[in-house]
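One structure is given below, encoded as structure tokens.
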Amino acid sequence: MAPHTLVGALAGVSLLALAQVATAQDHSHHQAEPAADPHAGHDMADMAHAMTSPYGPWPMNRDASGTSWQPDSGEHAGIHTVRGDWTVMTHALLNLTYDTQSGPRGGDKTFVSGMLMTTARRNLDDGSTLNLRAMLSPDPLMGKSGYPLLLAAGETANGVDPLVDRQHPHDFFMELSASYSKRLSDKDSLYGYIGLPGEPAFGPPAFMHRMSAMDSPEAPITHHWLDSTHIVFGVTTLGWAHDRFKIETSAFKGREPDEERWGIDSPKLDSWSVRASWNPSSDWSLQASYAEVSAPEQLEPDEDETKWSASVLHTRRLGATGWWSSTLAWGRKTNSHDESKDGWLLESALHPNDRWTVFARAERIETDELVPGDHGGHGPLYTVGKASLGAVRDWRIAPRVRFGLGALYAMNRVPDALEPIYGGDPDGGMIFMRLKID
């Protein structure tokens, strides 16, 4: 299926599903009743908990970004409708954020970020499943240089200069993917996944899909250690799952997306990864992964990279609508000169009820991208850290729509050698409003 055909089909059902929000009945805590007309769309949000994954015989709640896993106790938000033989799920999150970062290398910016995601699933007569997914983002509207974010680095705004102390925008097409799975038994399945773009089998779920991170409008500075491969233009994945264990391998394009954020880059399968995942119970999800990445950085096309990642995710349900989710993750990048840099992340979000979410994050990275080298490229290696704390208050303005207001405060820690150019240990903050359709 051509990318523009997939976009048109899934965008169409996305808008159709969103149009039903104003009239949909909220059944999130009741058993869904079948529609009189099997071809008519109806709300099935409550059925998400009963449905199995399109990849195999496990709860849909276990699925996160790409083919990654989260704890079974996690949420799988979205408006579920039926269109003939297809089950469609649509989810949207839009943030309008004012960002301020202090010090000589800081700045201020108001920007829009978020995503619109739609999946269309068809269960075939032989027990196999076809699943199509499209995810679009308004991030390119913030401009090629992204938004100020102290200690973040990666990619480029103009194809010449690296982005430093800024978070790059994600591409308009965050994912256009298709998967096919075949159940081998009550506990076993094989599946294949392709994407242009898509997400290979590496790392924990991408930060905008992790329950411990998704309510914060701020990207982690560990992004390029843990989950920067969540958008690659060309990926194929083959996986086998048995009950609570899964192993999968991917071939994908190692080069990060270029600065043209509205288009689709040419595909190339020049890198590979392998990931093992295990959910020992409903509240836990563990993964370990490895990747050989070919020339990930546009400005250093002769540098390859090997990457390691390990993570532990924990999610616990609190009453009827509450939850508490946390992530502990480690990543390592090693370049062609055997120089390794580690990144650590600990984050947590507490959602005690339908109104409030409190979130926090602590990170530590070893980076050589903050100060350029004598002849350009990467410079000295420094260890820096960051901690942030925030909250968001939501109001339900329709059965499946929430409006929220939130804020966060972040503190950055730099070594003595960097204090003159950062003005000591700088801080930053964001205030934001959001619209969430789930």
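Letters A, B, ... mark the chains of the structure tokens in the order given; residue numbers begin at 1 per chain; ligand numbers begin at 1, in order shown.
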
Note to self: Could you list, as a PyMOL selection string, every residue within 10 Å of Ile194 in chain A, counting only C-alpha atoms and ignoring same-chain residues fewer than 2 positions away?
What the structure shows: chain A and resi 66+132+176-180+192+196-200+234-238+250-252

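We find CA of Arg361 in chain A and CA of Glu218 in chain A to be spaced 10.2 Å apart.
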
Check: Where in range 148-394 of chain A does DSSP assign strand (DSSP E or B), given as a PyMOL selection string?
Finding: chain A and resi 148-156+162-167+173-183+188-195+198+232+235-242+245-252+271-278+284-293+305-318+322-335+340-351+356-367+372+374+376+378+382-394

Margin query: What does the structure give for the distance between CA of Gly203 in chain A and CA of Lys333 in chain A, in Å to one decimal?
Written below: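 Computing it gives 12.2 Å between the two atoms.
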
Note to self: Show me, as a list in words, the residues that have an atom within 7 Å of Met430 in chain A when counting only C-alpha atoms, minus same-chain residues fewer than 6 positions from it.
What the structure shows: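 Residues meeting the cut-off are Thr97, Tyr98, Asp99, Thr100, Ala407, Leu408 and Tyr409 of chain A.
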
Next item on the list: For CA of Arg166 in chain A and CA of Leu346 in chain A, determine how far apart the two atoms are, in Å to one decimal place.
Entry: 21.0 Å

Checklist line | Residues near range 71-78 of chain A, cut-off 6 Å, only C-alpha atoms, skip fewer than 4 positions along chain, as a PyMOL selection string | finding: chain A and resi 61-62+89-91+282-285+315+438

Please identify all polymer residues within 7 Å of Ser113 in chain A, counting only C-alpha atoms, omitting same-chain residues fewer than 3 positions from it, and present them as a PDB file with all heavy atoms, in the first residue's frame.
ATOM      1  N   LEU A  94      -2.947  17.173  21.777  1.00  0.00           N
ATOM      2  CA  LEU A  94      -2.370  18.411  21.278  1.00  0.00           C
ATOM      3  C   LEU A  94      -1.987  19.289  22.457  1.00  0.00           C
ATOM      4  O   LEU A  94      -2.797  19.521  23.367  1.00  0.00           O
ATOM      5  CB  LEU A  94      -3.364  19.156  20.383  1.00  0.00           C
ATOM      6  CG  LEU A  94      -3.730  18.493  19.050  1.00  0.00           C
ATOM      7  CD1 LEU A  94      -4.832  19.289  18.361  1.00  0.00           C
ATOM      8  CD2 LEU A  94      -2.502  18.398  18.148  1.00  0.00           C
ATOM      9  N   ASN A  95      -0.750  19.781  22.459  1.00  0.00           N
ATOM     10  CA  ASN A  95      -0.246  20.679  23.497  1.00  0.00           C
ATOM     11  C   ASN A  95       0.080  22.042  22.899  1.00  0.00           C
ATOM     12  O   ASN A  95       0.723  22.122  21.849  1.00  0.00           O
ATOM     13  CB  ASN A  95       1.032  20.129  24.135  1.00  0.00           C
ATOM     14  CG  ASN A  95       0.778  18.935  25.022  1.00  0.00           C
ATOM     15  OD1 ASN A  95      -0.134  18.929  25.830  1.00  0.00           O
ATOM     16  ND2 ASN A  95       1.593  17.904  24.875  1.00  0.00           N
ATOM     17  N   LEU A  96      -0.343  23.115  23.566  1.00  0.00           N
ATOM     18  CA  LEU A  96       0.117  24.469  23.275  1.00  0.00           C
ATOM     19  C   LEU A  96       0.953  24.892  24.471  1.00  0.00           C
ATOM     20  O   LEU A  96       0.433  25.026  25.583  1.00  0.00           O
ATOM     21  CB  LEU A  96      -1.055  25.417  23.060  1.00  0.00           C
ATOM     22  CG  LEU A  96      -0.680  26.895  22.846  1.00  0.00           C
ATOM     23  CD1 LEU A  96       0.166  27.063  21.585  1.00  0.00           C
ATOM     24  CD2 LEU A  96      -1.924  27.771  22.785  1.00  0.00           C
ATOM     25  N   SER A 137       1.911  14.334  13.341  1.00  0.00           N
ATOM     26  CA  SER A 137       2.295  15.270  14.393  1.00  0.00           C
ATOM     27  C   SER A 137       2.301  16.695  13.867  1.00  0.00           C
ATOM     28  O   SER A 137       2.721  16.941  12.734  1.00  0.00           O
ATOM     29  CB  SER A 137       3.686  14.916  14.931  1.00  0.00           C
ATOM     30  OG  SER A 137       4.153  15.930  15.817  1.00  0.00           O
ATOM     31  N   PRO A 138       1.870  17.677  14.699  1.00  0.00           N
ATOM     32  CA  PRO A 138       1.973  19.084  14.311  1.00  0.00           C
ATOM     33  C   PRO A 138       3.344  19.685  14.600  1.00  0.00           C
ATOM     34  O   PRO A 138       3.532  20.886  14.405  1.00  0.00           O
ATOM     35  CB  PRO A 138       0.892  19.750  15.175  1.00  0.00           C
ATOM     36  CG  PRO A 138       0.915  18.955  16.442  1.00  0.00           C
ATOM     37  CD  PRO A 138       1.189  17.518  16.004  1.00  0.00           C
ATOM     38  N   ASP A 139       4.302  18.887  15.067  1.00  0.00           N
ATOM     39  CA  ASP A 139       5.619  19.407  15.467  1.00  0.00           C
ATOM     40  C   ASP A 139       6.290  20.286  14.418  1.00  0.00           C
ATOM     41  O   ASP A 139       6.947  21.277  14.781  1.00  0.00           O
ATOM     42  CB  ASP A 139       6.554  18.249  15.826  1.00  0.00           C
ATOM     43  CG  ASP A 139       6.348  17.741  17.245  1.00  0.00           C
ATOM     44  OD1 ASP A 139       5.245  17.965  17.789  1.00  0.00           O
ATOM     45  OD2 ASP A 139       7.264  17.113  17.801  1.00  0.00           O
TER      46      ASP A 139
END

Notebook entry, point to check: Any idea what's packed within 9 Å of range 387-392 of chain A, counting only C-alpha atoms, ignoring anything in its chain fewer than 5 positions away? Could you give it as an NGL selection string?
Noted result: :A and (215-216 or 355-364 or 404-413 or 428-430 or 432-433)

Keeping only N, CA and C atoms, write those residues as a PDB file, in the first residue's frame.
ATOM      1  N   ASP A 215       2.345  12.720  29.821  1.00  0.00           N
ATOM      2  CA  ASP A 215       1.651  13.929  30.259  1.00  0.00           C
ATOM      3  C   ASP A 215       2.563  15.146  30.327  1.00  0.00           C
ATOM      4  N   SER A 216       3.866  14.965  30.152  1.00  0.00           N
ATOM      5  CA  SER A 216       4.802  16.076  30.142  1.00  0.00           C
ATOM      6  C   SER A 216       5.044  16.536  28.712  1.00  0.00           C
ATOM      7  N   ARG A 355      -8.911  13.791  37.177  1.00  0.00           N
ATOM      8  CA  ARG A 355      -8.647  15.226  37.105  1.00  0.00           C
ATOM      9  C   ARG A 355      -7.168  15.587  37.143  1.00  0.00           C
ATOM     10  N   TRP A 356      -6.379  14.923  37.948  1.00  0.00           N
ATOM     11  CA  TRP A 356      -5.003  15.350  38.201  1.00  0.00           C
ATOM     12  C   TRP A 356      -3.978  14.303  37.751  1.00  0.00           C
ATOM     13  N   THR A 357      -2.848  14.796  37.249  1.00  0.00           N
ATOM     14  CA  THR A 357      -1.678  13.962  36.988  1.00  0.00           C
ATOM     15  C   THR A 357      -0.445  14.741  37.432  1.00  0.00           C
ATOM     16  N   VAL A 358       0.388  14.113  38.247  1.00  0.00           N
ATOM     17  CA  VAL A 358       1.659  14.693  38.691  1.00  0.00           C
ATOM     18  C   VAL A 358       2.781  13.848  38.101  1.00  0.00           C
ATOM     19  N   PHE A 359       3.804  14.503  37.536  1.00  0.00           N
ATOM     20  CA  PHE A 359       4.869  13.755  36.875  1.00  0.00           C
ATOM     21  C   PHE A 359       6.233  14.325  37.252  1.00  0.00           C
ATOM     22  N   ALA A 360       7.234  13.448  37.273  1.00  0.00           N
ATOM     23  CA  ALA A 360       8.594  13.848  37.650  1.00  0.00           C
ATOM     24  C   ALA A 360       9.591  13.030  36.846  1.00  0.00           C
ATOM     25  N   ARG A 361      10.782  13.615  36.643  1.00  0.00           N
ATOM     26  CA  ARG A 361      11.817  12.933  35.866  1.00  0.00           C
ATOM     27  C   ARG A 361      13.196  13.365  36.364  1.00  0.00           C
ATOM     28  N   ALA A 362      14.122  12.397  36.414  1.00  0.00           N
ATOM     29  CA  ALA A 362      15.527  12.674  36.722  1.00  0.00           C
ATOM     30  C   ALA A 362      16.379  11.960  35.673  1.00  0.00           C
ATOM     31  N   GLU A 363      17.406  12.682  35.160  1.00  0.00           N
ATOM     32  CA  GLU A 363      18.238  12.132  34.085  1.00  0.00           C
ATOM     33  C   GLU A 363      19.708  12.486  34.302  1.00  0.00           C
ATOM     34  N   ARG A 364      20.553  11.627  33.757  1.00  0.00           N
ATOM     35  CA  ARG A 364      21.998  11.848  33.794  1.00  0.00           C
ATOM     36  C   ARG A 364      22.568  11.302  32.492  1.00  0.00           C
ATOM     37  N   GLY A 404      -6.908  20.317  29.465  1.00  0.00           N
ATOM     38  CA  GLY A 404      -6.033  20.393  30.628  1.00  0.00           C
ATOM     39  C   GLY A 404      -5.166  21.635  30.650  1.00  0.00           C
ATOM     40  N   LEU A 405      -4.787  22.046  31.870  1.00  0.00           N
ATOM     41  CA  LEU A 405      -3.824  23.119  32.103  1.00  0.00           C
ATOM     42  C   LEU A 405      -2.732  22.568  32.996  1.00  0.00           C
ATOM     43  N   GLY A 406      -1.469  22.825  32.629  1.00  0.00           N
ATOM     44  CA  GLY A 406      -0.373  22.257  33.397  1.00  0.00           C
ATOM     45  C   GLY A 406       0.859  23.127  33.387  1.00  0.00           C
ATOM     46  N   ALA A 407       1.824  22.743  34.200  1.00  0.00           N
ATOM     47  CA  ALA A 407       3.093  23.464  34.292  1.00  0.00           C
ATOM     48  C   ALA A 407       4.159  22.508  34.789  1.00  0.00           C
ATOM     49  N   LEU A 408       5.420  22.831  34.497  1.00  0.00           N
ATOM     50  CA  LEU A 408       6.547  22.064  35.030  1.00  0.00           C
ATOM     51  C   LEU A 408       7.726  22.997  35.291  1.00  0.00           C
ATOM     52  N   TYR A 409       8.591  22.563  36.175  1.00  0.00           N
ATOM     53  CA  TYR A 409       9.815  23.287  36.501  1.00  0.00           C
ATOM     54  C   TYR A 409      10.975  22.308  36.407  1.00  0.00           C
ATOM     55  N   ALA A 410      12.087  22.742  35.808  1.00  0.00           N
ATOM     56  CA  ALA A 410      13.242  21.869  35.612  1.00  0.00           C
ATOM     57  C   ALA A 410      14.507  22.533  36.130  1.00  0.00           C
ATOM     58  N   MET A 411      15.369  21.733  36.741  1.00  0.00           N
ATOM     59  CA  MET A 411      16.683  22.181  37.211  1.00  0.00           C
ATOM     60  C   MET A 411      17.753  21.405  36.458  1.00  0.00           C
ATOM     61  N   ASN A 412      18.784  22.094  35.986  1.00  0.00           N
ATOM     62  CA  ASN A 412      19.868  21.474  35.240  1.00  0.00           C
ATOM     63  C   ASN A 412      21.159  21.548  36.031  1.00  0.00           C
ATOM     64  N   ARG A 413      21.958  20.520  35.926  1.00  0.00           N
ATOM     65  CA  ARG A 413      23.227  20.441  36.655  1.00  0.00           C
ATOM     66  C   ARG A 413      24.357  20.264  35.646  1.00  0.00           C
ATOM     67  N   GLY A 428      14.642  25.971  34.053  1.00  0.00           N
ATOM     68  CA  GLY A 428      13.694  26.196  32.981  1.00  0.00           C
ATOM     69  C   GLY A 428      12.300  25.821  33.417  1.00  0.00           C
ATOM     70  N   GLY A 429      11.328  26.189  32.624  1.00  0.00           N
ATOM     71  CA  GLY A 429       9.950  25.871  32.961  1.00  0.00           C
ATOM     72  C   GLY A 429       9.057  25.929  31.746  1.00  0.00           C
ATOM     73  N   MET A 430       7.880  25.307  31.874  1.00  0.00           N
ATOM     74  CA  MET A 430       6.879  25.319  30.820  1.00  0.00           C
ATOM     75  C   MET A 430       5.501  25.440  31.448  1.00  0.00           C
ATOM     76  N   PHE A 432       1.439  24.973  29.942  1.00  0.00           N
ATOM     77  CA  PHE A 432       0.817  24.433  28.744  1.00  0.00           C
ATOM     78  C   PHE A 432      -0.666  24.188  28.944  1.00  0.00           C
ATOM     79  N   MET A 433      -1.376  24.206  27.827  1.00  0.00           N
ATOM     80  CA  MET A 433      -2.761  23.739  27.782  1.00  0.00           C
ATOM     81  C   MET A 433      -2.839  22.618  26.763  1.00  0.00           C
TER      82      MET A 433
END

Next item on the list: Can you pull out every residue within 12 Å of Gln70 in chain A, counting only C-alpha atoms, but drop anything in the same chain fewer than 4 positions away, and send it as a ChimeraX atom specification?
Entry: /A:58-66,74-76,203-207,209-212,244,277-287,311-316,325-327

Check: Which one is closest to Glu297 in chain A: A:Pro257, A:Pro420, A:Pro415, A:Pro104? Count only C-alpha atoms.
Finding: A:Pro257

Counting only C-alpha atoms, which residues in range 234-315 of chain A sit no more than 10 Å from range 149-161 of chain A? For each one, give the nearest pair of atoms and the distance in Å, sorted by chain then residue number, as JSON lines.
{"residue": "A:Arg255", "atom": "CA", "partner": "A:Glu155", "partner_atom": "CA", "distance": 10.0}
{"residue": "A:Glu256", "atom": "CA", "partner": "A:Glu155", "partner_atom": "CA", "distance": 7.2}
{"residue": "A:Pro257", "atom": "CA", "partner": "A:Glu155", "partner_atom": "CA", "distance": 7.9}
{"residue": "A:Asp258", "atom": "CA", "partner": "A:Thr156", "partner_atom": "CA", "distance": 7.4}
{"residue": "A:Glu259", "atom": "CA", "partner": "A:Ala157", "partner_atom": "CA", "distance": 5.4}
{"residue": "A:Glu260", "atom": "CA", "partner": "A:Ala157", "partner_atom": "CA", "distance": 8.6}
{"residue": "A:Arg261", "atom": "CA", "partner": "A:Ala157", "partner_atom": "CA", "distance": 9.7}
{"residue": "A:Pro296", "atom": "CA", "partner": "A:Glu155", "partner_atom": "CA", "distance": 9.2}
{"residue": "A:Glu297", "atom": "CA", "partner": "A:Glu155", "partner_atom": "CA", "distance": 6.7}
{"residue": "A:Gln298", "atom": "CA", "partner": "A:Glu155", "partner_atom": "CA", "distance": 7.2}
{"residue": "A:Leu299", "atom": "CA", "partner": "A:Val160", "partner_atom": "CA", "distance": 6.9}

Write the residues you've just listed into a file as a JSON list (two decimals), in the first residue's frame, and include all heavy atoms for each of them.
[["chain", "number", "residue", "atom", "x", "y", "z"],
["A", 255, "ARG", "N", 20.10, 6.31, 9.53],
["A", 255, "ARG", "CA", 20.14, 7.77, 9.47],
["A", 255, "ARG", "C", 18.90, 8.38, 10.11],
["A", 255, "ARG", "O", 17.77, 7.98, 9.80],
["A", 255, "ARG", "CB", 20.29, 8.24, 8.02],
["A", 255, "ARG", "CG", 20.29, 9.76, 7.82],
["A", 255, "ARG", "CD", 21.50, 10.43, 8.48],
["A", 255, "ARG", "NE", 22.75, 9.85, 8.06],
["A", 255, "ARG", "CZ", 23.40, 10.21, 6.95],
["A", 255, "ARG", "NH1", 22.91, 11.12, 6.15],
["A", 255, "ARG", "NH2", 24.57, 9.63, 6.66],
["A", 256, "GLU", "N", 19.11, 9.34, 11.00],
["A", 256, "GLU", "CA", 17.99, 10.03, 11.61],
["A", 256, "GLU", "C", 17.28, 10.89, 10.57],
["A", 256, "GLU", "O", 17.87, 11.25, 9.54],
["A", 256, "GLU", "CB", 18.50, 10.90, 12.77],
["A", 256, "GLU", "CG", 19.06, 10.08, 13.92],
["A", 256, "GLU", "CD", 19.72, 10.93, 14.99],
["A", 256, "GLU", "OE1", 20.06, 12.10, 14.68],
["A", 256, "GLU", "OE2", 19.90, 10.45, 16.12],
["A", 257, "PRO", "N", 16.01, 11.22, 10.78],
["A", 257, "PRO", "CA", 15.29, 12.03, 9.80],
["A", 257, "PRO", "C", 16.00, 13.35, 9.52],
["A", 257, "PRO", "O", 16.62, 13.94, 10.40],
["A", 257, "PRO", "CB", 13.93, 12.27, 10.48],
["A", 257, "PRO", "CG", 13.77, 11.10, 11.40],
["A", 257, "PRO", "CD", 15.15, 10.80, 11.90],
["A", 258, "ASP", "N", 15.90, 13.81, 8.26],
["A", 258, "ASP", "CA", 16.56, 15.06, 7.91],
["A", 258, "ASP", "C", 15.72, 16.25, 8.37],
["A", 258, "ASP", "O", 14.67, 16.10, 9.01],
["A", 258, "ASP", "CB", 16.86, 15.13, 6.41],
["A", 258, "ASP", "CG", 15.60, 15.08, 5.55],
["A", 258, "ASP", "OD1", 14.51, 15.46, 6.04],
["A", 258, "ASP", "OD2", 15.70, 14.65, 4.39],
["A", 259, "GLU", "N", 16.18, 17.46, 8.02],
["A", 259, "GLU", "CA", 15.53, 18.67, 8.50],
["A", 259, "GLU", "C", 14.25, 19.01, 7.75],
["A", 259, "GLU", "O", 13.52, 19.93, 8.16],
["A", 259, "GLU", "CB", 16.51, 19.85, 8.43],
["A", 259, "GLU", "CG", 16.87, 20.30, 7.02],
["A", 259, "GLU", "CD", 18.01, 19.51, 6.42],
["A", 259, "GLU", "OE1", 18.38, 18.45, 6.98],
["A", 259, "GLU", "OE2", 18.55, 19.94, 5.39],
["A", 260, "GLU", "N", 13.93, 18.28, 6.70],
["A", 260, "GLU", "CA", 12.68, 18.50, 5.97],
["A", 260, "GLU", "C", 11.59, 17.67, 6.65],
["A", 260, "GLU", "O", 11.38, 16.51, 6.33],
["A", 260, "GLU", "CB", 12.83, 18.11, 4.50],
["A", 260, "GLU", "CG", 13.91, 18.87, 3.76],
["A", 260, "GLU", "CD", 13.64, 20.37, 3.72],
["A", 260, "GLU", "OE1", 12.45, 20.78, 3.75],
["A", 260, "GLU", "OE2", 14.61, 21.16, 3.68],
["A", 261, "ARG", "N", 10.88, 18.30, 7.57],
["A", 261, "ARG", "CA", 10.01, 17.56, 8.48],
["A", 261, "ARG", "C", 8.64, 17.21, 7.91],
["A", 261, "ARG", "O", 7.89, 16.46, 8.53],
["A", 261, "ARG", "CB", 9.81, 18.37, 9.77],
["A", 261, "ARG", "CG", 11.11, 18.70, 10.49],
["A", 261, "ARG", "CD", 11.77, 17.47, 11.06],
["A", 261, "ARG", "NE", 13.05, 17.78, 11.71],
["A", 261, "ARG", "CZ", 13.78, 16.89, 12.35],
["A", 261, "ARG", "NH1", 13.36, 15.64, 12.43],
["A", 261, "ARG", "NH2", 14.93, 17.23, 12.90],
["A", 296, "PRO", "N", 24.12, 7.34, 11.89],
["A", 296, "PRO", "CA", 22.87, 7.95, 12.35],
["A", 296, "PRO", "C", 22.81, 9.46, 12.18],
["A", 296, "PRO", "O", 21.74, 10.02, 11.96],
["A", 296, "PRO", "CB", 22.81, 7.56, 13.83],
["A", 296, "PRO", "CG", 24.24, 7.31, 14.21],
["A", 296, "PRO", "CD", 24.88, 6.73, 12.99],
["A", 297, "GLU", "N", 23.97, 10.15, 12.26],
["A", 297, "GLU", "CA", 23.95, 11.61, 12.24],
["A", 297, "GLU", "C", 24.29, 12.15, 10.85],
["A", 297, "GLU", "O", 25.30, 11.79, 10.25],
["A", 297, "GLU", "CB", 24.93, 12.17, 13.27],
["A", 297, "GLU", "CG", 24.57, 11.82, 14.70],
["A", 297, "GLU", "CD", 25.39, 12.60, 15.71],
["A", 297, "GLU", "OE1", 25.72, 13.76, 15.43],
["A", 297, "GLU", "OE2", 25.71, 12.03, 16.77],
["A", 298, "GLN", "N", 23.43, 13.02, 10.36],
["A", 298, "GLN", "CA", 23.61, 13.61, 9.04],
["A", 298, "GLN", "C", 24.92, 14.38, 8.94],
["A", 298, "GLN", "O", 25.57, 14.39, 7.89],
["A", 298, "GLN", "CB", 22.44, 14.54, 8.75],
["A", 298, "GLN", "CG", 22.49, 15.24, 7.41],
["A", 298, "GLN", "CD", 21.29, 16.14, 7.20],
["A", 298, "GLN", "OE1", 20.29, 16.05, 7.92],
["A", 298, "GLN", "NE2", 21.35, 17.00, 6.21],
["A", 299, "LEU", "N", 25.35, 15.02, 10.04],
["A", 299, "LEU", "CA", 26.56, 15.85, 10.01],
["A", 299, "LEU", "C", 27.84, 15.04, 10.20],
["A", 299, "LEU", "O", 28.93, 15.58, 10.06],
["A", 299, "LEU", "CB", 26.47, 16.94, 11.08],
["A", 299, "LEU", "CG", 25.27, 17.88, 10.97],
["A", 299, "LEU", "CD1", 25.31, 18.94, 12.06],
["A", 299, "LEU", "CD2", 25.20, 18.52, 9.59]]

Next item on the list: Could you give me the residues within range 132-231 of chain A that DSSP places in helix (DSSP H, G or I), as a PyMOL selection string?
Entry: chain A and resi 139-142+223-226+228-230

Using only N, CA, C and O atoms, please write the residues we just selected to a file, as a PDB file, in the first residue's frame.
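Okay, out.pdb is ready:
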ATOM      1  N   ASP A 139       4.302  18.887  15.067  1.00  0.00           N
ATOM      2  CA  ASP A 139       5.619  19.407  15.467  1.00  0.00           C
ATOM      3  C   ASP A 139       6.290  20.286  14.418  1.00  0.00           C
ATOM      4  O   ASP A 139       6.947  21.277  14.781  1.00  0.00           O
ATOM      5  N   PRO A 140       6.196  19.982  13.104  1.00  0.00           N
ATOM      6  CA  PRO A 140       6.881  20.851  12.138  1.00  0.00           C
ATOM      7  C   PRO A 140       6.434  22.303  12.181  1.00  0.00           C
ATOM      8  O   PRO A 140       7.167  23.192  11.736  1.00  0.00           O
ATOM      9  N   LEU A 141       5.251  22.575  12.735  1.00  0.00           N
ATOM     10  CA  LEU A 141       4.776  23.950  12.830  1.00  0.00           C
ATOM     11  C   LEU A 141       5.630  24.794  13.757  1.00  0.00           C
ATOM     12  O   LEU A 141       5.615  26.026  13.669  1.00  0.00           O
ATOM     13  N   MET A 142       6.404  24.167  14.658  1.00  0.00           N
ATOM     14  CA  MET A 142       7.245  24.941  15.568  1.00  0.00           C
ATOM     15  C   MET A 142       8.508  25.457  14.897  1.00  0.00           C
ATOM     16  O   MET A 142       9.267  26.220  15.509  1.00  0.00           O
ATOM     17  N   HIS A 223      16.672  11.168  25.216  1.00  0.00           N
ATOM     18  CA  HIS A 223      15.941  10.721  24.024  1.00  0.00           C
ATOM     19  C   HIS A 223      16.851   9.992  23.034  1.00  0.00           C
ATOM     20  O   HIS A 223      16.503   8.926  22.521  1.00  0.00           O
ATOM     21  N   HIS A 224      18.042  10.519  22.760  1.00  0.00           N
ATOM     22  CA  HIS A 224      18.912   9.916  21.750  1.00  0.00           C
ATOM     23  C   HIS A 224      19.715   8.730  22.297  1.00  0.00           C
ATOM     24  O   HIS A 224      20.448   8.100  21.546  1.00  0.00           O
ATOM     25  N   TRP A 225      19.582   8.430  23.557  1.00  0.00           N
ATOM     26  CA  TRP A 225      20.157   7.204  24.118  1.00  0.00           C
ATOM     27  C   TRP A 225      19.127   6.067  24.096  1.00  0.00           C
ATOM     28  O   TRP A 225      19.490   4.920  23.910  1.00  0.00           O
ATOM     29  N   LEU A 226      17.856   6.408  24.306  1.00  0.00           N
ATOM     30  CA  LEU A 226      16.850   5.387  24.569  1.00  0.00           C
ATOM     31  C   LEU A 226      15.891   5.129  23.413  1.00  0.00           C
ATOM     32  O   LEU A 226      15.582   3.977  23.106  1.00  0.00           O
ATOM     33  N   SER A 228      15.429   7.390  20.261  1.00  0.00           N
ATOM     34  CA  SER A 228      15.461   8.261  19.085  1.00  0.00           C
ATOM     35  C   SER A 228      15.129   7.502  17.800  1.00  0.00           C
ATOM     36  O   SER A 228      14.800   8.120  16.782  1.00  0.00           O
ATOM     37  N   THR A 229      15.199   6.177  17.819  1.00  0.00           N
ATOM     38  CA  THR A 229      14.864   5.383  16.636  1.00  0.00           C
ATOM     39  C   THR A 229      13.357   5.175  16.475  1.00  0.00           C
ATOM     40  O   THR A 229      12.935   4.392  15.625  1.00  0.00           O
ATOM     41  N   HIS A 230      12.529   5.891  17.258  1.00  0.00           N
ATOM     42  CA  HIS A 230      11.088   5.657  17.123  1.00  0.00           C
ATOM     43  C   HIS A 230      10.551   6.196  15.802  1.00  0.00           C
ATOM     44  O   HIS A 230       9.419   5.865  15.426  1.00  0.00           O
TER      45      HIS A 230
END
